[in-house]
Structure formats: structure tokens, C-alpha cells
file input_29.cif (mmCIF, C-alpha atoms)
data_work
#
loop_
_atom_site.label_atom_id
_atom_site.label_comp_id
_atom_site.auth_asym_id
_atom_site.auth_seq_id
_atom_site.Cartn_x
_atom_site.Cartn_y
_atom_site.Cartn_z
CA MET A 1 13.28 -0.65 -5.72
CA ASP A 2 13.48 2.35 -8.07
CA ALA A 3 10.35 2.73 -10.28
CA PHE A 4 10.04 -1.05 -9.97
CA TYR A 5 7.45 -2.01 -12.60
CA ALA A 6 8.75 0.50 -15.14
CA SER A 7 12.36 -0.53 -14.52
CA VAL A 8 11.49 -4.19 -15.15
CA GLU A 9 9.85 -3.23 -18.45
CA GLN A 10 12.86 -1.16 -19.50
CA ARG A 11 15.19 -4.00 -18.53
CA ASP A 12 13.25 -6.51 -20.63
CA ASN A 13 12.69 -4.21 -23.64
CA LYS A 14 15.70 -2.26 -24.86
CA ALA A 15 13.47 -0.01 -26.96
CA LEU A 16 12.01 1.47 -23.76
CA ARG A 17 15.32 2.40 -22.14
CA GLY A 18 15.88 6.11 -21.65
CA LYS A 19 12.29 6.90 -22.63
CA PRO A 20 9.27 8.04 -20.58
CA VAL A 21 7.36 4.89 -19.68
CA ALA A 22 4.14 4.39 -17.73
CA VAL A 23 3.00 0.98 -16.60
CA GLY A 24 -0.79 0.98 -16.82
CA TYR A 25 -3.52 1.36 -19.39
CA SER A 26 -3.76 4.27 -21.79
CA GLU A 27 -7.54 4.22 -22.26
CA ALA A 28 -9.64 7.07 -20.95
CA ARG A 29 -10.32 5.50 -17.54
CA GLY A 30 -6.84 4.06 -17.06
CA VAL A 31 -4.49 4.89 -14.19
CA VAL A 32 -0.68 4.95 -14.04
CA ALA A 33 0.66 2.18 -11.78
CA THR A 34 4.32 3.24 -12.00
CA ALA A 35 6.21 5.81 -14.07
CA SER A 36 9.85 5.67 -15.12
CA TYR A 37 12.13 8.46 -13.96
CA GLU A 38 12.14 9.84 -17.52
CA ALA A 39 8.35 10.19 -17.24
CA ARG A 40 8.52 11.62 -13.73
CA ALA A 41 10.57 14.51 -15.10
CA PHE A 42 7.35 15.60 -16.86
CA GLY A 43 5.30 15.36 -13.66
CA VAL A 44 3.86 11.91 -14.32
CA HIS A 45 3.43 9.78 -11.19
CA SER A 46 1.64 6.70 -9.90
CA ALA A 47 -2.14 6.83 -9.38
CA MET A 48 -2.41 9.63 -11.97
CA PRO A 49 -5.24 9.25 -14.52
CA SER A 50 -3.82 8.14 -17.85
CA LEU A 51 -5.31 11.10 -19.74
CA THR A 52 -3.64 13.54 -17.35
CA ALA A 53 -0.34 11.70 -17.76
CA ARG A 54 -0.64 11.83 -21.54
CA ASN A 55 -1.32 15.57 -21.43
CA LYS A 56 1.76 16.15 -19.29
CA CYS A 57 3.94 13.96 -21.52
CA PRO A 58 2.58 13.45 -25.07
CA GLN A 59 5.43 11.05 -25.91
CA LEU A 60 4.64 8.84 -22.92
CA ILE A 61 4.78 5.11 -23.72
CA PHE A 62 2.16 2.99 -21.95
CA VAL A 63 3.01 -0.63 -21.16
CA SER A 64 0.47 -3.13 -19.84
CA PRO A 65 1.46 -4.50 -16.42
CA ARG A 66 2.90 -8.02 -16.10
CA PHE A 67 2.30 -8.71 -12.44
CA GLU A 68 3.45 -12.30 -12.64
CA VAL A 69 6.89 -11.09 -13.79
CA TYR A 70 7.08 -8.45 -11.04
CA HIS A 71 6.18 -11.11 -8.48
CA GLU A 72 8.97 -13.41 -9.72
CA VAL A 73 11.54 -10.61 -9.51
CA SER A 74 10.29 -9.71 -6.04
CA LEU A 75 10.93 -13.29 -4.89
CA GLN A 76 14.48 -13.11 -6.28
CA ILE A 77 15.09 -9.94 -4.26
CA ARG A 78 13.56 -11.52 -1.15
CA GLU A 79 16.01 -14.42 -1.45
CA ILE A 80 18.89 -11.92 -1.37
CA PHE A 81 17.51 -10.29 1.77
CA LEU A 82 17.28 -13.66 3.50
CA GLU A 83 20.97 -14.27 2.85
CA TYR A 84 21.65 -11.50 5.38
CA THR A 85 18.83 -11.79 7.93
CA ASP A 86 15.63 -13.69 8.71
CA LEU A 87 14.06 -10.46 9.98
CA VAL A 88 12.56 -9.25 6.70
CA GLU A 89 9.21 -7.43 6.74
CA PRO A 90 7.84 -6.86 3.21
CA LEU A 91 5.77 -3.72 2.66
CA SER A 92 4.96 -4.53 -0.96
CA LEU A 93 6.49 -6.32 -3.94
CA ASP A 94 9.26 -3.72 -4.17
CA GLU A 95 9.96 -2.62 -0.60
CA ALA A 96 10.87 -4.17 2.75
CA PHE A 97 12.32 -3.46 6.18
CA LEU A 98 15.37 -5.49 7.30
CA ASP A 99 16.76 -5.75 10.82
CA VAL A 100 20.46 -6.55 10.46
CA THR A 101 21.45 -5.99 14.10
CA VAL A 102 22.30 -9.69 14.17
CA ASN A 103 23.01 -10.87 10.62
CA HIS A 104 24.10 -14.06 8.90
CA LYS A 105 27.28 -12.41 7.60
CA HIS A 106 28.34 -11.39 11.14
CA HIS A 107 28.99 -7.92 9.72
CA PRO A 108 29.23 -5.01 12.20
CA SER A 109 28.24 -2.32 9.67
CA ALA A 110 24.62 -1.89 8.56
CA GLY A 111 25.75 0.63 5.94
CA LEU A 112 28.13 -1.83 4.28
CA ILE A 113 25.44 -4.51 4.36
CA ALA A 114 23.04 -2.16 2.56
CA ARG A 115 25.68 -1.39 -0.09
CA ASP A 116 26.32 -5.10 -0.53
CA ILE A 117 22.61 -5.84 -0.95
CA GLN A 118 22.27 -3.10 -3.57
CA GLN A 119 25.11 -4.66 -5.57
CA ARG A 120 23.69 -8.18 -5.23
CA ILE A 121 20.29 -7.00 -6.49
CA LEU A 122 21.90 -5.31 -9.49
CA GLU A 123 23.93 -8.40 -10.35
CA LYS A 124 21.03 -10.84 -9.99
CA THR A 125 18.16 -8.81 -11.49
CA GLY A 126 19.75 -6.00 -13.49
CA LEU A 127 17.73 -3.52 -11.43
CA ARG A 128 18.72 -0.75 -9.05
CA ALA A 129 17.49 -0.27 -5.50
CA SER A 130 17.70 2.59 -3.02
CA ALA A 131 18.70 1.89 0.58
CA GLY A 132 18.08 3.80 3.78
CA VAL A 133 19.91 2.95 7.00
CA SER A 134 19.03 4.08 10.50
CA VAL A 135 18.09 2.97 14.00
CA ASN A 136 14.35 2.50 13.41
CA LYS A 137 11.75 1.90 10.70
CA PHE A 138 10.52 5.50 10.48
CA LEU A 139 13.99 6.93 9.89
CA ALA A 140 15.10 4.11 7.58
CA LYS A 141 12.04 4.61 5.36
CA ILE A 142 12.73 8.34 5.04
CA ALA A 143 16.40 7.64 4.34
CA SER A 144 15.50 5.18 1.56
CA ASP A 145 13.54 7.90 -0.28
CA TYR A 146 16.04 10.69 0.37
CA LYS A 147 18.51 10.11 -2.48
CA LYS A 148 16.47 8.19 -5.07
CA PRO A 149 17.11 6.79 -7.62
CA ASN A 150 19.94 4.36 -6.82
CA GLY A 151 20.16 6.15 -3.50
CA PHE A 152 22.05 5.40 -0.32
CA PHE A 153 21.62 7.43 2.85
CA ILE A 154 22.40 6.91 6.52
CA ILE A 155 20.77 8.75 9.42
CA PRO A 156 23.00 8.12 12.48
CA PRO A 157 21.34 8.13 15.91
CA ASP A 158 23.05 11.31 17.10
CA LYS A 159 21.79 13.21 14.03
CA ALA A 160 18.25 11.80 13.90
CA GLU A 161 16.35 14.48 15.81
CA GLN A 162 18.06 17.34 14.01
CA PHE A 163 17.47 15.66 10.64
CA VAL A 164 13.74 15.20 11.30
CA GLU A 165 13.35 18.84 12.32
CA GLY A 166 14.49 19.90 8.85
CA LEU A 167 12.04 17.71 6.94
CA LYS A 168 8.95 19.04 5.20
CA ILE A 169 5.88 17.50 6.77
CA GLU A 170 5.08 15.83 3.43
CA GLN A 171 8.29 13.80 3.79
CA PHE A 172 7.02 12.06 6.92
CA PHE A 173 6.24 8.41 6.28
CA GLY A 174 2.46 7.97 6.50
CA VAL A 175 1.55 11.65 5.98
CA GLY A 176 -0.59 11.81 2.85
CA LYS A 177 -2.19 14.75 1.08
CA VAL A 178 -5.21 14.98 3.38
CA THR A 179 -3.15 14.89 6.58
CA ALA A 180 -0.59 17.32 5.15
CA GLN A 181 -3.35 19.76 4.24
CA LYS A 182 -4.78 19.56 7.76
CA MET A 183 -1.31 20.20 9.17
CA HIS A 184 -0.86 23.23 6.95
CA GLU A 185 -4.20 24.57 8.16
CA ASN A 186 -2.80 24.28 11.70
CA HIS A 187 0.50 25.97 10.71
CA ILE A 188 2.57 22.78 10.77
CA PHE A 189 4.90 22.75 7.78
CA SER A 190 8.04 20.99 8.99
CA GLY A 191 9.32 18.47 11.49
CA TYR A 192 10.38 21.38 13.68
CA ASP A 193 6.83 22.80 13.67
CA LEU A 194 5.43 19.40 14.54
CA LYS A 195 7.86 18.99 17.41
CA GLN A 196 6.58 22.18 19.06
CA ARG A 197 3.06 20.75 19.48
CA PRO A 198 2.08 18.90 22.68
CA GLU A 199 1.11 15.25 22.30
CA ALA A 200 -2.43 15.91 23.54
CA GLU A 201 -2.96 18.52 20.82
CA LEU A 202 -1.73 16.16 18.10
CA VAL A 203 -4.03 13.39 19.34
CA LYS A 204 -6.95 15.81 19.31
CA LEU A 205 -6.15 16.82 15.73
CA PHE A 206 -5.18 13.44 14.25
CA GLY A 207 -6.60 10.78 16.57
CA LYS A 208 -4.43 7.73 17.33
CA ALA A 209 -1.91 8.82 14.68
CA GLY A 210 -1.13 11.79 16.90
CA HIS A 211 0.86 9.54 19.28
CA SER A 212 3.10 8.33 16.45
CA LEU A 213 3.51 11.83 15.03
CA TYR A 214 4.64 13.10 18.43
CA LEU A 215 7.31 10.38 18.64
CA ASN A 216 8.34 10.60 14.98
CA ALA A 217 8.97 14.34 15.34
CA ARG A 218 11.68 13.33 17.82
CA GLY A 219 13.07 10.56 15.62
CA ILE A 220 11.49 7.85 17.78
CA ASP A 221 9.78 4.70 16.47
CA HIS A 222 9.41 1.66 18.73
CA ARG A 223 7.99 -0.71 16.09
CA GLU A 224 10.04 -3.85 15.53
CA VAL A 225 10.73 -5.42 12.16
CA ASP A 226 8.12 -8.17 12.02
CA PRO A 227 8.72 -10.96 9.48
CA HIS A 228 5.34 -12.49 10.35
CA ARG A 229 3.20 -9.40 9.97
CA VAL A 230 -0.44 -10.44 9.99
CA THR A 231 -2.70 -9.60 7.05
CA LYS A 232 -5.28 -7.08 8.28
CA SER A 233 -7.56 -6.93 5.24
CA VAL A 234 -8.15 -8.33 1.76
CA SER A 235 -9.83 -6.33 -0.98
CA ALA A 236 -10.39 -5.98 -4.71
CA GLU A 237 -11.67 -3.12 -6.82
CA THR A 238 -12.28 -2.24 -10.45
CA THR A 239 -12.30 1.05 -12.38
CA PHE A 240 -14.83 0.92 -15.20
CA PRO A 241 -13.90 1.88 -18.81
CA GLU A 242 -17.18 3.84 -18.82
CA ASP A 243 -19.24 5.11 -15.90
CA LYS A 244 -22.00 2.73 -14.79
CA CYS A 245 -25.30 3.82 -13.29
CA ASP A 246 -27.36 0.63 -13.64
CA ARG A 247 -27.59 -1.08 -10.25
CA ILE A 248 -28.06 -4.50 -11.84
CA LEU A 249 -24.81 -4.16 -13.80
CA LEU A 250 -23.05 -2.89 -10.70
CA THR A 251 -24.32 -5.88 -8.74
CA VAL A 252 -22.88 -8.19 -11.41
CA GLU A 253 -19.53 -6.41 -11.03
CA LEU A 254 -19.77 -6.82 -7.26
CA TYR A 255 -20.36 -10.56 -7.73
CA HIS A 256 -17.07 -10.90 -9.62
CA LEU A 257 -15.27 -8.81 -6.97
CA ALA A 258 -16.64 -11.09 -4.25
CA ARG A 259 -15.26 -14.13 -6.08
CA GLU A 260 -11.86 -12.44 -6.36
CA VAL A 261 -11.81 -11.42 -2.69
CA ILE A 262 -12.56 -14.98 -1.54
CA GLU A 263 -9.73 -16.32 -3.72
CA ARG A 264 -7.32 -13.78 -2.21
CA MET A 265 -8.52 -14.59 1.31
CA ASP A 266 -7.87 -18.29 0.74
CA GLU A 267 -4.38 -17.54 -0.63
CA ALA A 268 -3.56 -15.35 2.39
CA ASN A 269 -5.30 -17.70 4.85
CA PHE A 270 -7.14 -14.62 6.12
CA TYR A 271 -10.77 -14.58 7.26
CA GLY A 272 -12.45 -11.47 8.66
CA ARG A 273 -15.85 -10.39 9.93
CA THR A 274 -16.24 -6.88 8.46
CA ILE A 275 -17.37 -6.34 4.86
CA THR A 276 -16.75 -2.94 3.25
CA ILE A 277 -18.08 -1.69 -0.09
CA LYS A 278 -16.34 1.27 -1.69
CA VAL A 279 -17.93 3.44 -4.39
CA LYS A 280 -16.25 6.24 -6.33
CA TYR A 281 -18.64 8.36 -8.36
CA ALA A 282 -17.91 10.09 -11.67
CA ASP A 283 -17.23 13.32 -9.77
CA PHE A 284 -14.57 11.42 -7.73
CA LYS A 285 -16.62 11.55 -4.54
CA ILE A 286 -16.00 8.38 -2.50
CA ILE A 287 -18.36 6.65 -0.07
CA THR A 288 -17.90 3.43 1.91
CA ARG A 289 -20.40 1.20 3.64
CA SER A 290 -19.42 -1.47 6.18
CA LYS A 291 -21.13 -4.29 8.04
CA THR A 292 -19.64 -6.52 10.75
CA LEU A 293 -20.89 -10.09 11.11
CA PRO A 294 -20.89 -12.16 14.31
CA GLN A 295 -18.76 -14.87 12.67
CA GLN A 296 -15.82 -14.90 10.27
CA ILE A 297 -16.43 -14.98 6.54
CA THR A 298 -14.79 -18.16 5.26
CA ASP A 299 -16.41 -18.75 1.87
CA PHE A 300 -18.33 -17.14 -0.96
CA LYS A 301 -21.70 -18.35 0.32
CA ARG A 302 -21.19 -16.32 3.48
CA LEU A 303 -19.79 -13.21 1.77
CA TRP A 304 -22.01 -12.77 -1.26
CA PRO A 305 -25.54 -12.58 0.28
CA VAL A 306 -24.44 -9.89 2.74
CA ALA A 307 -22.56 -7.85 0.11
CA ARG A 308 -25.58 -8.05 -2.22
CA GLU A 309 -27.92 -6.78 0.50
CA MET A 310 -25.49 -3.96 1.33
CA MET A 311 -25.66 -2.83 -2.31
CA LYS A 312 -29.42 -2.39 -1.96
CA LEU A 313 -28.91 0.04 0.91
CA ILE A 314 -26.77 2.44 -1.13
CA ASP A 315 -28.68 5.44 -2.50
CA TRP A 316 -27.56 5.58 -6.11
CA SER A 317 -29.86 8.51 -7.04
CA GLY A 318 -28.96 8.15 -10.68
CA GLN A 319 -25.28 8.93 -10.05
CA ALA A 320 -22.76 7.35 -12.39
CA VAL A 321 -20.11 5.15 -10.78
CA ARG A 322 -16.46 5.20 -11.78
CA LEU A 323 -15.04 2.59 -9.37
CA LEU A 324 -16.43 -0.22 -7.23
CA GLY A 325 -14.51 -2.02 -4.50
CA LEU A 326 -15.11 -4.76 -1.96
CA GLY A 327 -13.01 -5.68 1.07
CA VAL A 328 -13.00 -7.93 4.13
CA SER A 329 -11.23 -6.96 7.36
CA ASN A 330 -11.39 -7.45 11.14
CA ALA A 331 -9.92 -10.89 11.74
CA GLY A 332 -10.03 -10.46 15.51
CA ASP A 333 -11.02 -13.34 17.74
CA GLU A 334 -14.72 -13.89 17.91
CA PRO A 335 -16.51 -13.46 21.23
CA GLU A 336 -16.88 -16.80 23.00
CA ALA A 337 -20.64 -16.74 22.61
CA LYS A 338 -20.30 -16.30 18.86
CA LYS A 339 -17.95 -19.23 18.25
CA TYR A 340 -20.77 -21.75 18.19
CA THR A 341 -23.53 -22.06 15.65
CA GLN A 342 -26.98 -23.47 16.47
CA LEU A 343 -27.60 -26.18 13.89
CA GLU A 344 -31.06 -26.52 12.43
CA LEU A 345 -32.68 -29.91 13.05
CA ASP A 346 -36.03 -31.07 11.73
CA LEU A 347 -38.05 -32.53 14.63
CA PHE A 348 -40.90 -33.89 12.60
#

call {"tool": "encode", "arguments": {"input": "input_29.cif", "output": "C-alpha cells"}}
result
Amino acid sequence: MDAFYASVEQRDNKALRGKPVAVGYSEARGVVATASYEARAFGVHSAMPSLTARNKCPQLIFVSPRFEVYHEVSLQIREIFLEYTDLVEPLSLDEAFLDVTVNHKHHPSAGLIARDIQQRILEKTGLRASAGVSVNKFLAKIASDYKKPNGFFIIPPDKAEQFVEGLKIEQFFGVGKVTAQKMHENHIFSGYDLKQRPEAELVKLFGKAGHSLYLNARGIDHREVDPHRVTKSVSAETTFPEDKCDRILLTVELYHLAREVIERMDEANFYGRTITIKVKYADFKIITRSKTLPQQITDFKRLWPVAREMMKLIDWSGQAVRLLGLGVSNAGDEPEAKKYTQLELDLF
């Protein structure tokens, strides 16, 4: 979807149409969730601090997010996808992979299916979507971003490798700012540059991701569209209106985050063994602390005592905190010896 949250707000409020809109909160510690294309023309983008966004675009209109509305629209779009195929893998509320190799319409053309879906979304929701078509997830994702907004782009199999060679490394799906900077330091600026590096060198530089980068540079991606993708983690975080440096107040905030995480875990039917606390200081430095338990965390009583003790191990040193986060991950099967709990029994 194109600027999804902002587009929904402009659809529902005629006064916002054609104007620079940011979905988020305008206060000093706010962050932009999504910016309309009118706002993006001024350099405003998602995850940008609200003050920075306001400086770039003084006429920027901030709108508070309505996540329940975005969720409803997302379900409408999902229903359209399922008219064409059961192989739908959501990435977020506004994005998904579809495998239409075998489709309910018995249509031989993936490109025409994509065009049809774009039209159906517009008719049903009043919103525009961009579509990318290719032979694998990596290429389709790049294609979907290539002609935004309201874009449509096909990368045919016989053109894939040549197309990837011409991409800037920042256009690779999964290459963020940190990875891009490391690539630049190693004189990798394009898909062509990446393709010249041996797989062993890429693994040495980027760890496990090096295998995927080696394949992606050749237009190869063996991942299947998985409609039953398993949740790998559940988390919650909060950015404070004002920096906090009192550990007691921070512990209270952590308590509320723990409650929220357990609610999300129950909704997702996900239970993990690793607890991670994330802290962002006022100078934007980020630290994380993790602890893995022998058994899965299934309720608040099991999560909260461990998270509280982990807080005590963090050296605050009087530093002010801007953001606090809590997450649970690692849902892997427990070792056989850990599946059983010794019950306490009073003998006397």
C-alpha cells in the first residue's frame, strides 16, 4: 500500500487531501509513523523525530494514528488477496507476498492478476497500492518499490540478473543504513559490485546474511511464500515524553510493558524463552540485555520477576532514558530434560 496510514487519513478527511500529512504525534518526543507523499517531497519520512519533520516542513499536519481503522482496512485487502490465492504471506498491515503460480482465477498471467488486484483494492477501499511481479520474493519486493506510488513493475526471469546489477546497494531488500555503510566502507556500492565478491568474503563481512546477499546479487531467492509464517518474537516499547532517569519510575514503565507483551503473546499464541530489554538513552545510544530461561514464558508471573531482576543489572549511571522496550523471543522446542518441572511437596 502507498503511504498506508496517511492515505487512509486523507481518504477519510477531505481537508487533508493534497496536503503534507504525518501520522504520529507532534510533541517534542513524537515520531512519524507514516508520511504522505506531499510530506515526503519535503524530506519527511517514517521513524523521523517529529521536531525534525516539522523543521523540514513547517506546514506539516500531524494526525493521531487510528490503528483499529488501519487493521480493518488491512483485513479488507487480505480478503481480496484470498480471492486469487491461498498462498498469502503478510509482512505487515500494508504489505504481503502472494504466490499466484496456481490461482483461483486460473489466470496464466501474474502481471494481469496484479493489475486486477490493484483495481479491486481501489474500488473496495478507495486506496492505491503498488505491485511488483517477478519469479521470487526478493525480486518482487524490489519491483513493488520501484515505481511507487501507484506503481506496477515486472522483472522477467531473463532480465533479473542484469536488473539487480544496476541497483544501488541501498535498494536491496533487507539492507539498512548500517549494512549499507559497511558495504560502502568495503567499496560495494551496487549490485554489480556485490556480485564480484566471493561468498566466503560476504559471509566473513556480514555473517549468515552473506549467503543471502551472494544469491540476491544473482537474482536468486529460494524462500517460498509461507501463509503460515511462525511468529518469532513479541515485543512492546514506549518513547517517553520527557527523559526518565529514576530507576523506580522506569521499573513501573517496564511493568506496564510486561503486561502488554503478555497480552500480545496470548493473542499470537506465541510463547518464548528469551527475554530482552532494550534501552535508548537521551544521546540515542542503544543497549540491550537478554536472558534465556529453561522453560517457556507463558504468563505474567513468569515474565515479570525475571524482567524486574534484569533491570537491576543495568548500569544506569545517572543517564537519562528516552525509550524502554521489552520483548520475548526464542520459541524453539525445549530440551527434553527441561520439559518437566519438579513440583514442591511438603513432607511434614

call {"tool": "resolve_selection", "arguments": {"input": "input_29.cif", "expression": "the PyMOL selection byres ((chain A and resi 324) around 12)", "output": "PyMOL selection string"}}
result
chain A and resi 235-240+243-245+247+249-258+276-282+284+286-289+311+320-323+325-327

call {"tool": "resolve_selection", "arguments": {"input": "input_29.cif", "expression": "the PyMOL selection byres ((chain A and resi 152) around 12)", "output": "MDAnalysis selection string"}}
result
chainID A and resid 1:2 110:119 128:134 140:151 153:155

call {"tool": "atom_distance", "arguments": {"input": "input_29.cif", "atom1": "CA of Phe4 (chain A)", "atom2": "CA of Tyr70 (chain A)"}}
result
8.0 Å

call {"tool": "closest_atom_pairs", "arguments": {"input": "input_29.cif", "of": "region 168-281 of chain A", "to": "region 88-92 of chain A", "cutoff": "8 Å", "atoms": "only C-alpha atoms", "output": "CSV"}}
result
residue,atom,partner,partner_atom,distance
A:Val225,CA,A:Glu89,CA,6.0
A:Asp226,CA,A:Glu89,CA,5.4
A:Pro227,CA,A:Glu89,CA,4.5
A:His228,CA,A:Glu89,CA,7.3
A:Arg229,CA,A:Glu89,CA,7.1

call {"tool": "resolve_selection", "arguments": {"input": "input_29.cif", "expression": "the PyMOL selection byres ((chain A and resi 195) around 9)", "output": "mmCIF file with C-alpha atoms, in the coordinates of the input"}}
result
data_model
loop_
_atom_site.group_PDB
_atom_site.id
_atom_site.type_symbol
_atom_site.label_atom_id
_atom_site.label_comp_id
_atom_site.auth_asym_id
_atom_site.auth_seq_id
_atom_site.Cartn_x
_atom_site.Cartn_y
_atom_site.Cartn_z
ATOM 1 C CA GLU A 165 13.350 18.840 12.320
ATOM 2 C CA SER A 190 8.040 20.990 8.990
ATOM 3 C CA GLY A 191 9.320 18.470 11.490
ATOM 4 C CA TYR A 192 10.380 21.380 13.680
ATOM 5 C CA ASP A 193 6.830 22.800 13.670
ATOM 6 C CA LEU A 194 5.430 19.400 14.540
ATOM 7 C CA GLN A 196 6.580 22.180 19.060
ATOM 8 C CA ARG A 197 3.060 20.750 19.480
ATOM 9 C CA PRO A 198 2.080 18.900 22.680
ATOM 10 C CA LEU A 213 3.510 11.830 15.030
ATOM 11 C CA TYR A 214 4.640 13.100 18.430
ATOM 12 C CA LEU A 215 7.310 10.380 18.640
ATOM 13 C CA ASN A 216 8.340 10.600 14.980
ATOM 14 C CA ALA A 217 8.970 14.340 15.340
ATOM 15 C CA ARG A 218 11.680 13.330 17.820
#

call {"tool": "atom_distance", "arguments": {"input": "input_29.cif", "atom1": "CA of Gln76 (chain A)", "atom2": "CA of Thr125 (chain A)"}}
result
7.7 Å

call {"tool": "residues_around", "arguments": {"input": "input_29.cif", "residues": "Ala331 (chain A)", "least_positions_apart": "6", "cutoff": "7 Å", "atoms": "all atoms listed in the file", "output": "ChimeraX atom specification"}}
result
/A:232,271-273

call {"tool": "atom_distance", "arguments": {"input": "input_29.cif", "atom1": "CA of Ile297 (chain A)", "atom2": "CA of Glu267 (chain A)"}}
result
14.3 Å

call {"tool": "residues_around", "arguments": {"input": "input_29.cif", "residues": "Gly219 (chain A)", "least_positions_apart": "3", "cutoff": "9 Å", "atoms": "all atoms listed in the file", "output": "number ranges by chain"}}
result
A: 136, 138-139, 157, 160-165, 215-216

call {"tool": "closest_residue", "arguments": {"input": "input_29.cif", "among": "A:Leu82, A:Ile61, A:Asp283, A:His187", "to": "Ala15 (chain A)", "atoms": "all atoms listed in the file"}}
result
A:Ile61

call {"tool": "residues_near_point", "arguments": {"input": "input_29.cif", "point": "(-19.6, -9.2, 6.4)", "cutoff": "9 Å", "atoms": "all atoms listed in the file", "output": "mmCIF file with C-alpha atoms, in the coordinates of the input"}}
result
data_model
loop_
_atom_site.group_PDB
_atom_site.id
_atom_site.type_symbol
_atom_site.label_atom_id
_atom_site.label_comp_id
_atom_site.auth_asym_id
_atom_site.auth_seq_id
_atom_site.Cartn_x
_atom_site.Cartn_y
_atom_site.Cartn_z
ATOM 1 C CA GLY A 272 -12.450 -11.470 8.660
ATOM 2 C CA ARG A 273 -15.850 -10.390 9.930
ATOM 3 C CA THR A 274 -16.240 -6.880 8.460
ATOM 4 C CA ILE A 275 -17.370 -6.340 4.860
ATOM 5 C CA THR A 276 -16.750 -2.940 3.250
ATOM 6 C CA SER A 290 -19.420 -1.470 6.180
ATOM 7 C CA LYS A 291 -21.130 -4.290 8.040
ATOM 8 C CA THR A 292 -19.640 -6.520 10.750
ATOM 9 C CA LEU A 293 -20.890 -10.090 11.110
ATOM 10 C CA PRO A 294 -20.890 -12.160 14.310
ATOM 11 C CA GLN A 295 -18.760 -14.870 12.670
ATOM 12 C CA GLN A 296 -15.820 -14.900 10.270
ATOM 13 C CA ILE A 297 -16.430 -14.980 6.540
ATOM 14 C CA ARG A 302 -21.190 -16.320 3.480
ATOM 15 C CA LEU A 303 -19.790 -13.210 1.770
ATOM 16 C CA TRP A 304 -22.010 -12.770 -1.260
ATOM 17 C CA VAL A 306 -24.440 -9.890 2.740
ATOM 18 C CA ALA A 307 -22.560 -7.850 0.110
ATOM 19 C CA VAL A 328 -13.000 -7.930 4.130
ATOM 20 C CA SER A 329 -11.230 -6.960 7.360
#

call {"tool": "residues_around", "arguments": {"input": "input_29.cif", "residues": "Ala22 (chain A)", "least_positions_apart": "4", "cutoff": "7 Å", "atoms": "all atoms listed in the file", "output": "JSON, numbers by chain"}}
result
{"A": [6, 32, 34, 35, 36, 60, 61, 62, 63]}

call {"tool": "closest_residue", "arguments": {"input": "input_29.cif", "among": "A:Phe67, A:Tyr84, A:Tyr25, A:Trp316", "to": "Leu51 (chain A)", "atoms": "all atoms listed in the file"}}
result
A:Tyr25
